[in-house]
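Listing of query_5.txt, compact mmCIF, C-alpha atoms and all ligand atoms
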# COMPACT_ATOMS: atom_id res chain seq x y z
CA MET Y 10 -80.18 43.77 38.47
CA LYS Y 11 -83.60 44.24 40.13
CA LEU Y 12 -85.98 42.25 37.96
CA ILE Y 13 -89.73 41.77 38.13
CA ILE Y 14 -91.87 39.52 35.92
CA LEU Y 15 -95.46 40.64 35.38
CA ASP Y 16 -98.46 38.80 34.07
CA ARG Y 17 -100.41 40.96 31.62
CA ASP Y 18 -104.16 40.41 31.51
CA GLY Y 19 -105.71 41.15 34.89
CA VAL Y 20 -102.51 42.71 36.25
CA ILE Y 21 -101.53 45.46 33.79
CA ASN Y 22 -104.78 45.72 31.86
CA GLN Y 23 -108.38 44.68 32.29
CA ASP Y 24 -109.03 41.02 31.54
CA SER Y 25 -112.10 39.42 29.93
CA ASP Y 26 -113.39 35.87 29.77
CA ALA Y 27 -113.92 36.69 26.08
CA TYR Y 28 -110.18 37.38 25.69
CA ILE Y 29 -108.57 40.74 24.89
CA LYS Y 30 -108.95 40.59 21.13
CA SER Y 31 -108.20 44.13 19.93
CA LEU Y 32 -106.31 47.29 20.83
CA ASP Y 33 -109.63 48.89 21.83
CA GLU Y 34 -110.18 46.07 24.34
CA TRP Y 35 -106.74 46.60 25.85
CA ILE Y 36 -107.49 48.97 28.73
CA PRO Y 37 -104.88 49.63 31.42
CA LEU Y 38 -106.00 49.02 34.99
CA PRO Y 39 -106.00 52.10 37.26
CA GLY Y 40 -102.49 52.88 38.48
CA SER Y 41 -100.78 50.07 36.57
CA ILE Y 42 -98.92 52.19 34.01
CA ASP Y 43 -97.74 54.59 36.71
CA ALA Y 44 -96.67 51.66 38.89
CA ILE Y 45 -94.57 50.13 36.11
CA ALA Y 46 -92.99 53.51 35.37
CA ARG Y 47 -92.20 54.10 39.06
CA LEU Y 48 -90.47 50.75 39.34
CA SER Y 49 -88.58 51.28 36.09
CA LYS Y 50 -87.40 54.74 37.15
CA ALA Y 51 -86.21 53.20 40.42
CA GLY Y 52 -83.87 50.99 38.40
CA TRP Y 53 -85.93 47.82 38.05
CA THR Y 54 -85.92 45.74 34.86
CA ILE Y 55 -89.51 45.08 33.79
CA ALA Y 56 -90.43 41.83 32.04
CA VAL Y 57 -93.88 40.57 31.04
CA ALA Y 58 -94.82 36.90 30.67
CA THR Y 59 -98.27 36.34 29.19
CA ASN Y 60 -100.37 33.50 27.83
CA GLN Y 61 -102.02 34.56 24.59
CA SER Y 62 -103.90 31.44 23.52
CA GLY Y 63 -106.34 33.70 21.67
CA ILE Y 64 -103.79 33.67 18.85
CA GLY Y 65 -103.73 29.89 18.65
CA ARG Y 66 -107.51 29.87 18.93
CA GLY Y 67 -107.73 32.28 15.97
CA TYR Y 68 -109.40 35.13 17.89
CA TYR Y 69 -106.71 37.69 16.95
CA ASP Y 70 -103.29 37.72 15.27
CA GLU Y 71 -99.75 38.54 16.34
CA ALA Y 72 -99.88 41.95 14.67
CA THR Y 73 -102.84 42.91 16.84
CA LEU Y 74 -101.02 41.63 19.92
CA GLN Y 75 -98.02 43.73 18.93
CA ASP Y 76 -100.27 46.81 18.68
CA MET Y 77 -101.31 46.21 22.31
CA HIS Y 78 -97.71 45.83 23.42
CA ASP Y 79 -96.62 48.92 21.45
CA ARG Y 80 -99.34 50.83 23.32
CA LEU Y 81 -98.09 49.49 26.66
CA LEU Y 82 -94.53 50.52 25.86
CA GLN Y 83 -95.70 53.96 24.70
CA LEU Y 84 -97.78 54.66 27.81
CA VAL Y 85 -94.97 53.60 30.16
CA ALA Y 86 -92.43 55.66 28.16
CA GLU Y 87 -94.69 58.72 28.45
CA GLN Y 88 -94.34 58.32 32.24
CA GLY Y 89 -90.55 58.13 31.94
CA GLY Y 90 -90.28 54.37 32.36
CA LYS Y 91 -89.50 51.36 30.16
CA VAL Y 92 -90.84 47.86 29.66
CA ASP Y 93 -87.70 45.88 28.92
CA LEU Y 94 -89.01 42.53 27.67
CA ILE Y 95 -92.33 40.95 26.74
CA ARG Y 96 -92.54 37.21 26.15
CA TYR Y 97 -95.80 35.49 25.26
CA CYS Y 98 -97.16 32.02 24.56
CA PRO Y 99 -99.28 32.15 21.38
CA HIS Y 100 -100.28 28.52 21.55
CA ALA Y 101 -103.63 26.88 22.07
CA PRO Y 102 -103.85 24.64 25.17
CA ASP Y 103 -103.60 21.44 23.10
CA ALA Y 104 -100.45 22.53 21.24
CA GLY Y 105 -98.17 20.78 23.74
CA CYS Y 106 -95.77 23.71 24.00
CA ASP Y 107 -93.42 24.35 26.92
CA CYS Y 108 -94.23 28.04 27.23
CA ARG Y 109 -97.89 28.07 28.26
CA LYS Y 110 -98.18 28.92 31.93
CA PRO Y 111 -98.19 27.12 34.38
CA LEU Y 112 -95.20 25.72 32.53
CA PRO Y 113 -92.19 28.01 33.13
CA GLY Y 114 -90.99 28.32 29.53
CA LEU Y 115 -91.65 32.07 29.28
CA PHE Y 116 -89.77 32.64 32.53
CA ARG Y 117 -86.82 30.63 31.24
CA GLN Y 118 -86.83 32.69 28.03
CA ILE Y 119 -86.67 35.87 30.11
CA ALA Y 120 -83.86 34.48 32.32
CA ASP Y 121 -81.87 33.43 29.25
CA GLU Y 122 -82.38 36.71 27.41
CA LEU Y 123 -81.36 38.77 30.46
CA ASP Y 124 -78.72 36.24 31.57
CA HIS Y 125 -80.20 36.56 35.06
CA SER Y 126 -81.11 34.06 37.76
CA LEU Y 127 -84.79 34.01 38.72
CA ASP Y 128 -84.13 33.04 42.35
CA GLY Y 129 -86.26 35.34 44.49
CA VAL Y 130 -87.37 37.46 41.53
CA PRO Y 131 -90.86 38.80 42.27
CA THR Y 132 -93.56 37.72 39.86
CA VAL Y 133 -97.03 39.25 39.90
CA GLY Y 134 -100.11 37.45 38.62
CA ASP Y 135 -103.87 37.20 38.90
CA SER Y 136 -104.16 33.48 38.12
CA LEU Y 137 -102.79 30.47 39.94
CA ARG Y 138 -100.94 29.36 36.82
CA ASP Y 139 -98.98 32.62 36.78
CA LEU Y 140 -97.69 31.98 40.28
CA GLU Y 141 -97.04 28.29 39.67
CA ALA Y 142 -94.97 29.05 36.57
CA GLY Y 143 -92.81 31.55 38.44
CA CYS Y 144 -92.41 29.36 41.52
CA ALA Y 145 -91.25 26.48 39.33
CA VAL Y 146 -88.12 28.52 38.57
CA GLY Y 147 -87.57 30.14 41.98
CA CYS Y 148 -89.58 33.35 41.73
CA THR Y 149 -91.30 34.94 44.72
CA PRO Y 150 -95.06 35.00 44.06
CA TYR Y 151 -97.33 38.02 44.41
CA LEU Y 152 -101.07 37.77 43.76
CA VAL Y 153 -103.17 40.80 42.93
CA ARG Y 154 -106.93 40.97 43.44
CA THR Y 155 -107.54 42.57 40.04
CA GLY Y 156 -108.57 40.49 37.02
CA LYS Y 157 -109.16 36.92 38.20
CA GLY Y 158 -107.19 37.53 41.40
CA ALA Y 159 -110.14 37.98 43.76
CA SER Y 160 -111.25 34.43 42.97
CA THR Y 161 -107.72 33.05 42.75
CA GLU Y 162 -107.14 34.25 46.32
CA HIS Y 163 -109.49 31.55 47.62
CA LYS Y 164 -107.51 28.74 45.98
CA THR Y 165 -104.52 26.96 47.49
CA LEU Y 166 -101.68 29.33 46.70
CA PRO Y 167 -97.95 28.57 46.50
CA ALA Y 168 -96.22 28.88 49.88
CA GLY Y 169 -95.14 32.42 50.59
CA THR Y 170 -97.55 34.09 48.18
CA ARG Y 171 -98.15 37.73 49.16
CA VAL Y 172 -101.56 39.17 48.25
CA PHE Y 173 -102.14 42.83 47.33
CA ASP Y 174 -105.10 44.74 45.93
CA ASP Y 175 -103.36 45.68 42.70
CA LEU Y 176 -100.03 46.20 40.96
CA ALA Y 177 -99.66 49.69 42.40
CA ALA Y 178 -99.80 48.26 45.92
CA VAL Y 179 -97.18 45.64 45.06
CA VAL Y 180 -94.91 48.36 43.69
CA ASP Y 181 -95.46 50.53 46.77
CA HIS Y 182 -94.35 47.55 48.86
CA LEU Y 183 -91.30 46.79 46.72
CA LEU Y 184 -90.17 50.41 46.66
CA GLU Y 185 -90.50 50.88 50.42
CA SER Y 186 -88.57 47.71 51.30
O1 LIG Z 201 -103.19 36.61 32.16
P1 LIG Z 201 -102.34 36.45 30.90
O2 LIG Z 201 -101.46 35.23 30.95
O3 LIG Z 201 -101.57 37.74 30.56
O4 LIG Z 201 -103.39 36.28 29.65
C1 LIG Z 201 -104.58 35.53 29.83
C2 LIG Z 201 -105.32 35.60 28.50
O5 LIG Z 201 -104.51 35.03 27.50
C3 LIG Z 201 -106.59 34.80 28.50
O6 LIG Z 201 -106.32 33.51 29.02
C4 LIG Z 201 -107.47 32.64 28.89
O7 LIG Z 201 -107.10 31.38 29.41
P2 LIG Z 201 -106.84 30.12 28.40
O8 LIG Z 201 -105.58 30.45 27.63
O9 LIG Z 201 -108.05 30.02 27.48
O10 LIG Z 201 -106.67 28.92 29.33
C5 LIG Z 201 -108.66 33.20 29.68
O11 LIG Z 201 -108.32 33.19 31.06
C6 LIG Z 201 -108.96 34.65 29.25
O12 LIG Z 201 -109.91 35.20 30.11
C7 LIG Z 201 -107.70 35.48 29.31
O13 LIG Z 201 -107.97 36.78 28.73
MG MG Z 202 -103.69 37.20 33.96
ZN ZN Z 203 -96.60 28.17 24.17
As C-alpha cells, the full file:
Amino acid sequence: MKLIILDRDGVINQDSDAYIKSLDEWIPLPGSIDAIARLSKAGWTIAVATNQSGIGRGYYDEATLQDMHDRLLQLVAEQGGKVDLIRYCPHAPDAGCDCRKPLPGLFRQIADELDHSLDGVPTVGDSLRDLEAGCAVGCTPYLVRTGKGASTEHKTLPAGTRVFDDLAAVVDHLLES
C-alpha cells in the first residue's frame, strides 16, 4: 500500500491565525484538490492528520468540522479520487491528550486503522509540529511553503526534510519517482 499522511490547514486549504471556524472559511489551496485526486487515482491511500484545537477552545463544533471534511471528500470525489481517512485532535493544548501534534497519536491511529507500518511513509505539513509528529513514528517529512510553511522553512527541520512550494509539487515529485 502506498500511503501518504497530509496535514490539513495550510496544506490542503488556506490557514488562518484566527482558525478555520466555518465551512465558508474552508477554502482549498490552488491545485491541492487535484493533487490529492491524482495521487489517489495513482493508487495511493490518502490520510489526513489535523490538529483542531478550535473545537476544544469552543470556536466551532465537530458538526462544523465534519461539514468541512464532507466538502473535502466531495471535491476530491468529483475529480475521481478518494480521501481514505481523516483523523483529528479536537483537544485544547492544556488537555494533556496524546493526539495533538507534535505528539504522534493521530499517526498511530492511522497506522492501526490501516494496519500499515509508517516507516518511510511521506507526510506533508506546513508546521514543524506536523513533521515532528510524523518523524516520531518513522515517516519521511515533506514541508510545503503554503500556510505557515514559508516561515517554518527557516526553523531547524527534521533531518531529511524535503521542501516544496505546495502539495501539487510534492505530488508531482512522488508520481515521477
Ligand atoms: O495544520 P492543522 O494541524 O491541520 O490545523 C491547524 C489548526 O488547527 C490551527 O492550529 C492553531 O494552532 P494551536 O492548536 O492553537 O496551537 C493555529 O496554528 C491556527 O492558525 C490553525 O488554524
Ligand atoms: Mg497546518
Ligand atoms: Zn488530542
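For the pair CA of Tyr69 in chain Y and CA of Ala56 in chain Y, the interatomic distance is 22.6 Å.
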All residues 8 Å or closer to Phe173 in chain Y, all atoms listed in the file, same chain fewer than 4 positions away omitted, as a PyMOL selection string: chain Y and resi 151-154+178-179
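Residue nearest ligand LIG 201 (chain Z) within the list Y:Asp175, Y:Asp107, Y:Glu87, Y:Glu34: Y:Glu34 [criterion: smallest interatomic distance, all atoms listed in the file].
A distance cut-off of 12 Å around (-98.9, 25.1, 21.4), counting all atoms listed in the file, selects these protein and nucleic acid residues: Asn60, Gln61, Ser62, Gly63, Ile64, Gly65, Arg66, Tyr97, Cys98, Pro99, His100, Ala101, Pro102, Asp103, Ala104, Gly105, Cys106, Asp107, Cys108, Arg109, Lys110, Leu112 and Gly114 of chain Y.
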For the selection you just gave me, I'd like the residues written to a file as a short mmCIF file (atom, residue, chain, number, x, y, z; two decimals), keeping the file's coordinate frame, keeping C-alpha atoms.
data_model
loop_
_atom_site.label_atom_id
_atom_site.label_comp_id
_atom_site.auth_asym_id
_atom_site.auth_seq_id
_atom_site.Cartn_x
_atom_site.Cartn_y
_atom_site.Cartn_z
CA ASN Y 60 -100.37 33.50 27.83
CA GLN Y 61 -102.02 34.56 24.59
CA SER Y 62 -103.90 31.44 23.52
CA GLY Y 63 -106.34 33.70 21.67
CA ILE Y 64 -103.79 33.67 18.85
CA GLY Y 65 -103.73 29.89 18.65
CA ARG Y 66 -107.51 29.87 18.93
CA TYR Y 97 -95.80 35.49 25.26
CA CYS Y 98 -97.16 32.02 24.56
CA PRO Y 99 -99.28 32.15 21.38
CA HIS Y 100 -100.28 28.52 21.55
CA ALA Y 101 -103.63 26.88 22.07
CA PRO Y 102 -103.85 24.64 25.17
CA ASP Y 103 -103.60 21.44 23.10
CA ALA Y 104 -100.45 22.53 21.24
CA GLY Y 105 -98.17 20.78 23.74
CA CYS Y 106 -95.77 23.71 24.00
CA ASP Y 107 -93.42 24.35 26.92
CA CYS Y 108 -94.23 28.04 27.23
CA ARG Y 109 -97.89 28.07 28.26
CA LYS Y 110 -98.18 28.92 31.93
CA LEU Y 112 -95.20 25.72 32.53
CA GLY Y 114 -90.99 28.32 29.53
#
Which residues of chain Y come within 6 Å of ligand LIG 201 (chain Z), and what is each one's closest atom pair and distance in Å (one decimal), counting all atoms listed in the file, sorted by chain and residue number, as a Markdown table?
| residue | atom | partner | partner_atom | distance |
| --- | --- | --- | --- | --- |
| Y:Asp16 | CA | Z:LIG201 | O3 | 4.8 |
| Y:Arg17 | CA | Z:LIG201 | O3 | 3.6 |
| Y:Asp18 | CA | Z:LIG201 | O3 | 3.8 |
| Y:Gly19 | CA | Z:LIG201 | O1 | 5.9 |
| Y:Asp24 | CA | Z:LIG201 | O13 | 5.2 |
| Y:Ser25 | CA | Z:LIG201 | O12 | 4.8 |
| Y:Asp26 | CA | Z:LIG201 | O12 | 3.6 |
| Y:Ala27 | CA | Z:LIG201 | O12 | 5.9 |
| Y:Tyr28 | CA | Z:LIG201 | O13 | 3.8 |
| Y:Ile29 | CA | Z:LIG201 | O13 | 5.5 |
| Y:Thr59 | CA | Z:LIG201 | O2 | 3.8 |
| Y:Asn60 | CA | Z:LIG201 | O2 | 3.7 |
| Y:Gln61 | CA | Z:LIG201 | O5 | 3.9 |
| Y:Ser62 | CA | Z:LIG201 | O8 | 4.5 |
Nearest to Gly143 in chain Y, chosen from Y:Ile14, Y:Asp93, Y:His163, Y:Val85, with all atoms listed in the file counted in the distances: Y:Ile14
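Counting only C-alpha atoms, the residue from Y:Pro167, Y:Pro131, Y:Gly156, Y:Pro150 that sits nearest to Leu183 in chain Y is Y:Pro131.
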